[in-house]
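Notes for the one structure printed next.
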Amino acid sequence: MHRRQFLGTAALGGLVATLSAPVLATDTASLPNLAAKAVPISKPERMARIAKVTALMQENDIGALLIEPGSSLVYFTGVEWWRSERLTAAVLTREGEVAVVTPFFEEPSVRESLGIEAEVLTWNEDENPLAAVAAWLGRRGLAKGKIGVEETVRYFAVDGLEKAMPGATVVNGAPVVRGCRMMKSAAEIALMQVANDITMAAYRHTAPRIEAGMTPAEIGAIMRAATVALGGKSEFELILLGEASAYPHGSGQPQAVKAGEVVLMDCGASVHGYQSDISRSFVYGKPSPRQRQVWDQMRKGQDVAFAAAKLGTPAGAVDDAVRAYYESLGWGPGYKLPGTSHRTGHGIGLDGHEPVNLVRGETTELAPGMCFSNEPGIYIPGEFGIRLEDCFYMTEAGPKWFSEPPPSIDRPFA
């Protein structure tokens, strides 16, 4: 779990007086680049993805698929772009043909990250990009039938496609996209493992440097500097102190490290786009008996979830198992507080959060290659919260951790 851009510009600006960039750089000089040997996704792997999605399109009677910039565009084509009012998108056909439509003046830049063979369709400022898509598909006999759109495609693109292709039916392309992206390959899992290793190493660098009086921004800056020095791209640093730890995505109230209070850190990195998401909770100083008890119970919740994550099990059953355990201890019931107010876990890969989730009612069955966070935090409003988060992936033999959960509140980074 995380909230992006937690460290605002003002917070970072105020950090300069206490932790300058040169100091942080010197402090991380001895950290090794753990991503130095990480292998990016190859062209043959991307072509295998195209082959799989075309097979799924044929199974679902979908003639073509439209994808806007974002993780799915990177997944299939390698193109790293952004969304704006000027449409750039990829179109894939059930025969395996690929086109990228982009503004004329953007073509050279788009080609820089294009990782597969594809036709590039350009449009000028006074032209309709969806008309170019419709014409390209029409030449391939796909002017009628079902045209899928990746589930995050914006409405203006969907509306434009429907108007440009009145003989076609635009449908949700989630079944074919999810059918590819939910099951990670060995190459994807290897990159995620490096990202997890980097985050854990950054935690071990950061934790001994936490001092009384530090703010979330100061702690986050140390963690970010370590992540970058270790070879990762820092994706987020969510630091919650004291009572703020009782609120999963934090509080806007001023916070500082105090003896006897909880420090909750939720941080992640990426390597060649593939992400980690790891949370640790501990007490600065000596934990109270209540803090220790809640930590131990939450940690056992991770084990309950991990044990429930069996091949063929509906993803929602993992969440059910955790809630049954917590309710036996008096938390909840269900999603009520004090207890666990959010799902047990989320999918993860190129996105920090992606389908499917470990949440009540989710019927998708667990299969090899699926990757999830495991974070059934316990939150006590007005007091504190404990969240431990480690990700795992499904193998033919069952779940396997990317990062090992900690053994005790006294050894949160062991």
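Identifiers in this document derive from the order of the structure tokens: chains are assigned A, B, ..., residues are numbered from 1 separately in each chain, and ligands are numbered from 1 in order of occurrence.
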
Selection near Glu80 in chain A, 8 Å with only C-alpha atoms, sequence-local residues under 5 positions removed, as a PDB file with N, CA and C atoms, in the first residue's frame:
```pdb
ATOM      1  N   PRO A  69      -1.081   5.298 -23.652  1.00  0.00           N
ATOM      2  CA  PRO A  69       0.155   5.281 -22.869  1.00  0.00           C
ATOM      3  C   PRO A  69      -0.089   4.880 -21.417  1.00  0.00           C
ATOM      4  N   GLY A  70       0.883   4.202 -20.876  1.00  0.00           N
ATOM      5  CA  GLY A  70       0.787   3.654 -19.531  1.00  0.00           C
ATOM      6  C   GLY A  70       1.484   2.315 -19.500  1.00  0.00           C
ATOM      7  N   LEU A  73       0.893  -0.161 -22.469  1.00  0.00           N
ATOM      8  CA  LEU A  73       1.610   0.199 -23.692  1.00  0.00           C
ATOM      9  C   LEU A  73       3.072  -0.207 -23.585  1.00  0.00           C
ATOM     10  N   VAL A  74       3.670   0.031 -22.423  1.00  0.00           N
ATOM     11  CA  VAL A  74       5.053  -0.409 -22.196  1.00  0.00           C
ATOM     12  C   VAL A  74       5.134  -1.928 -22.292  1.00  0.00           C
ATOM     13  N   VAL A 110       8.717   8.918 -30.190  1.00  0.00           N
ATOM     14  CA  VAL A 110       8.010   7.669 -29.910  1.00  0.00           C
ATOM     15  C   VAL A 110       8.834   6.471 -30.361  1.00  0.00           C
ATOM     16  N   SER A 113      11.678   4.478 -27.988  1.00  0.00           N
ATOM     17  CA  SER A 113      11.446   3.392 -27.037  1.00  0.00           C
ATOM     18  C   SER A 113      10.630   2.250 -27.629  1.00  0.00           C
TER      19      SER A 113
END
```

Using only C-alpha atoms, determine which residues lie at most 10 Å from Pro412 in chain A, disregarding the query and same-chain residues fewer than 2 positions distant; provide the list as an mmCIF file with N, CA and C atoms, in the first residue's frame.
```
data_model
loop_
_atom_site.group_PDB
_atom_site.id
_atom_site.type_symbol
_atom_site.label_atom_id
_atom_site.label_comp_id
_atom_site.auth_asym_id
_atom_site.auth_seq_id
_atom_site.Cartn_x
_atom_site.Cartn_y
_atom_site.Cartn_z
ATOM 1 N N TYR A 203 16.046 0.106 3.236
ATOM 2 C CA TYR A 203 15.519 0.126 4.597
ATOM 3 C C TYR A 203 16.648 -0.076 5.619
ATOM 4 N N ARG A 204 17.501 -1.039 5.347
ATOM 5 C CA ARG A 204 18.582 -1.335 6.295
ATOM 6 C C ARG A 204 19.580 -0.179 6.388
ATOM 7 N N ALA A 207 17.143 2.809 8.437
ATOM 8 C CA ALA A 207 16.679 2.616 9.817
ATOM 9 C C ALA A 207 17.673 3.093 10.872
ATOM 10 N N SER A 279 6.358 -2.637 3.382
ATOM 11 C CA SER A 279 6.092 -1.806 4.561
ATOM 12 C C SER A 279 6.731 -2.432 5.799
ATOM 13 N N ARG A 280 7.201 -1.562 6.670
ATOM 14 C CA ARG A 280 7.733 -1.995 7.953
ATOM 15 C C ARG A 280 7.227 -1.066 9.042
ATOM 16 N N SER A 281 6.851 -1.640 10.183
ATOM 17 C CA SER A 281 6.429 -0.878 11.358
ATOM 18 C C SER A 281 7.280 -1.295 12.541
ATOM 19 N N PHE A 282 7.724 -0.310 13.299
ATOM 20 C CA PHE A 282 8.516 -0.579 14.496
ATOM 21 C C PHE A 282 8.326 0.584 15.456
ATOM 22 N N VAL A 283 8.904 0.477 16.616
ATOM 23 C CA VAL A 283 8.790 1.533 17.616
ATOM 24 C C VAL A 283 10.157 2.158 17.836
ATOM 25 N N LEU A 388 2.719 -4.406 8.139
ATOM 26 C CA LEU A 388 3.874 -5.086 7.560
ATOM 27 C C LEU A 388 3.428 -5.541 6.175
ATOM 28 N N PRO A 405 9.129 -11.698 5.504
ATOM 29 C CA PRO A 405 8.594 -10.890 6.602
ATOM 30 C C PRO A 405 9.541 -10.914 7.801
ATOM 31 N N PRO A 406 9.532 -9.855 8.599
ATOM 32 C CA PRO A 406 10.462 -9.772 9.729
ATOM 33 C C PRO A 406 10.066 -10.702 10.873
ATOM 34 N N PRO A 407 11.020 -11.101 11.711
ATOM 35 C CA PRO A 407 10.734 -12.060 12.781
ATOM 36 C C PRO A 407 10.094 -11.444 14.014
ATOM 37 N N SER A 408 10.347 -10.158 14.297
ATOM 38 C CA SER A 408 9.811 -9.572 15.507
ATOM 39 C C SER A 408 9.853 -8.044 15.430
ATOM 40 N N ILE A 409 9.137 -7.400 16.329
ATOM 41 C CA ILE A 409 9.134 -5.932 16.364
ATOM 42 C C ILE A 409 10.513 -5.390 16.707
ATOM 43 N N ASP A 410 11.323 -6.223 17.349
ATOM 44 C CA ASP A 410 12.681 -5.801 17.706
ATOM 45 C C ASP A 410 13.672 -5.978 16.555
ATOM 46 N N ALA A 414 15.269 -7.628 9.710
ATOM 47 C CA ALA A 414 16.094 -8.838 9.652
ATOM 48 C C ALA A 414 15.789 -9.591 8.376
#
```

State, in Å with one decimal place, the distance from CA of His205 in chain A to CA of Glu389 in chain A.
->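 Taking CA of His205 in chain A as the start and CA of Glu389 in chain A as the end point, the length is 18.3 Å.
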
Polymer residues at most 9 Å from Leu56 in chain A, only C-alpha atoms, same-chain spacing of 6 or more positions, as a PyMOL selection string | chain A and resi 62+94+175-177+179-180

Nearest residue to Ala89 in chain A from the set A:Pro129, A:Gly349, A:Gly63, A:Pro254 (distances using only C-alpha atoms) | A:Pro129

DSSP alpha helix (DSSP H) selection over range 239-306 of chain A, as a ChimeraX atom specification = /A:289-306

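With distances restricted to only C-alpha atoms, A:Glu162 is the closest residue to Lys144 in chain A from A:Glu243, A:Asp390, A:Glu162, A:Glu127.
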
Suppose you want the space between CA of Leu114 in chain A and CA of Ala135 in chain A; what is it in Å?
->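 According to the coordinates, CA of Leu114 in chain A and CA of Ala135 in chain A are separated by 22.1 Å.
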
Write out as a ChimeraX atom specification which residues come within 6 Å of range 226-236 of chain A when counting only C-alpha atoms, dropping same-chain ones fewer than 6 positions away.
-> /A:4,28,31-35,202,267-271

Among listed residues A:Phe372, A:Trp295, A:Trp136, A:Tyr75, nearest Lys400 in chain A (using only C-alpha atoms) |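 Comparing A:Phe372, A:Trp295, A:Trp136, A:Tyr75 against Lys400 in chain A, the winner is A:Phe372.
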
Of the candidates A:Glu119, A:Glu237, A:Glu375, A:Asp320, which shows the shortest atom-to-atom distance to Lys300 in chain A, using only C-alpha atoms?
->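 Closest to Lys300 in chain A of all the choices is A:Glu375.
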
Can you work out which one of A:Arg154, A:Lys146, A:Lys37, A:His249 has the shortest atom-to-atom distance to Leu87 in chain A, counting only C-alpha atoms?
-> A:Arg154

Would you kindly return, as JSON, numbers by chain, each protein, DNA or RNA residue with an atom no farther than 6 Å from any atom of Val98 in chain A, considering only C-alpha atoms and excluding same-chain residues fewer than 3 positions away?
-> {"A": [91, 92, 118]}

Mind dumping the selected residues with N, CA and C atoms as a PDB file, in the first residue's frame?
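See again_16.pdb below for the written result:
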```pdb
ATOM      1  N   VAL A  91      -2.432   0.041 -31.570  1.00  0.00           N
ATOM      2  CA  VAL A  91      -3.538  -0.786 -32.022  1.00  0.00           C
ATOM      3  C   VAL A  91      -2.972  -2.148 -32.392  1.00  0.00           C
ATOM      4  N   LEU A  92      -3.517  -3.197 -31.784  1.00  0.00           N
ATOM      5  CA  LEU A  92      -3.082  -4.562 -32.054  1.00  0.00           C
ATOM      6  C   LEU A  92      -4.238  -5.314 -32.699  1.00  0.00           C
ATOM      7  N   ALA A 118       6.505  -2.337 -35.650  1.00  0.00           N
ATOM      8  CA  ALA A 118       5.166  -1.759 -35.706  1.00  0.00           C
ATOM      9  C   ALA A 118       5.129  -0.656 -36.747  1.00  0.00           C
TER      10      ALA A 118
END
```

Which residues in range 12-206 of chain A does DSSP call strand (DSSP E)? List them as a ChimeraX atom specification.
-> /A:62-67,89-93,98-103,119-123,145-149,168-172
